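A.B. asks: This is the structure, below, for whatever I ask next.
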Amino acid sequence: MKRTHLATALAASALVLAAGVALAQDLQSLRGAGVEEQVGLPAMFHQDEERFSRNYRLQPPLIPHSIDQYQIDLRANQCLSCHDWTQAGDKGAPTLSMTHYQDREGNQLDRVAGTRWFCT
């Protein structure tokens, strides 16, 4: 019985000692500055109205304009007012990929497939 209490006390004291050593170490942040040190952020770079280059093959396109006020729900998708194949040439906008006009079975459609309706 005394051995069990002694082993438990020894393990607990080793744990407390290890925790104290761990807490005494300095924190190294990812940005290289101290936690309470104020660091100025770099200026934000906004590239509006230009197409972004893709970083890898088959990457979905990045949207270079604001879509905050666009209506995209079950009944309407305002993106299609410019990017549908019937409108893209007149508006100077890139058209959707032809895969957006294929259903699950691979059948070609004249309108955007329901599986691709929510583009954002």
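Identifiers for the structure tokens are assigned positionally: chains receive A, B, ... in sequence, residues are indexed from 1 per chain, and ligands are indexed from 1 in the order shown.
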Please report, as a count of residues only, each residue of range 4-94 of chain A to which DSSP assigns alpha helix (DSSP H) when run on this structure's backbone.
C.D. replies: 29
A.B. asks: Just list as JSON, numbers by chain whatever in chain A DSSP marks as strand (DSSP E or B).
C.D. replies: {"A": [72, 77, 102, 108]}
A.B. asks: Just the selected residues (N, CA and C atoms), exported as a compact mmCIF listing (two decimals), in the first residue's frame, please.
C.D. replies:
```
# COMPACT_ATOMS: atom_id res chain seq x y z
N ILE A 72 -28.41 34.56 -55.56
CA ILE A 72 -28.16 33.18 -55.96
C ILE A 72 -28.97 32.30 -55.02
N ASN A 77 -30.01 32.86 -60.39
CA ASN A 77 -28.56 32.89 -60.27
C ASN A 77 -28.09 34.08 -61.10
N GLN A 102 -23.87 19.99 -68.47
CA GLN A 102 -24.07 18.54 -68.54
C GLN A 102 -24.72 18.05 -67.26
N GLN A 108 -25.92 16.62 -72.71
CA GLN A 108 -25.71 18.04 -72.95
C GLN A 108 -27.04 18.79 -72.81
```
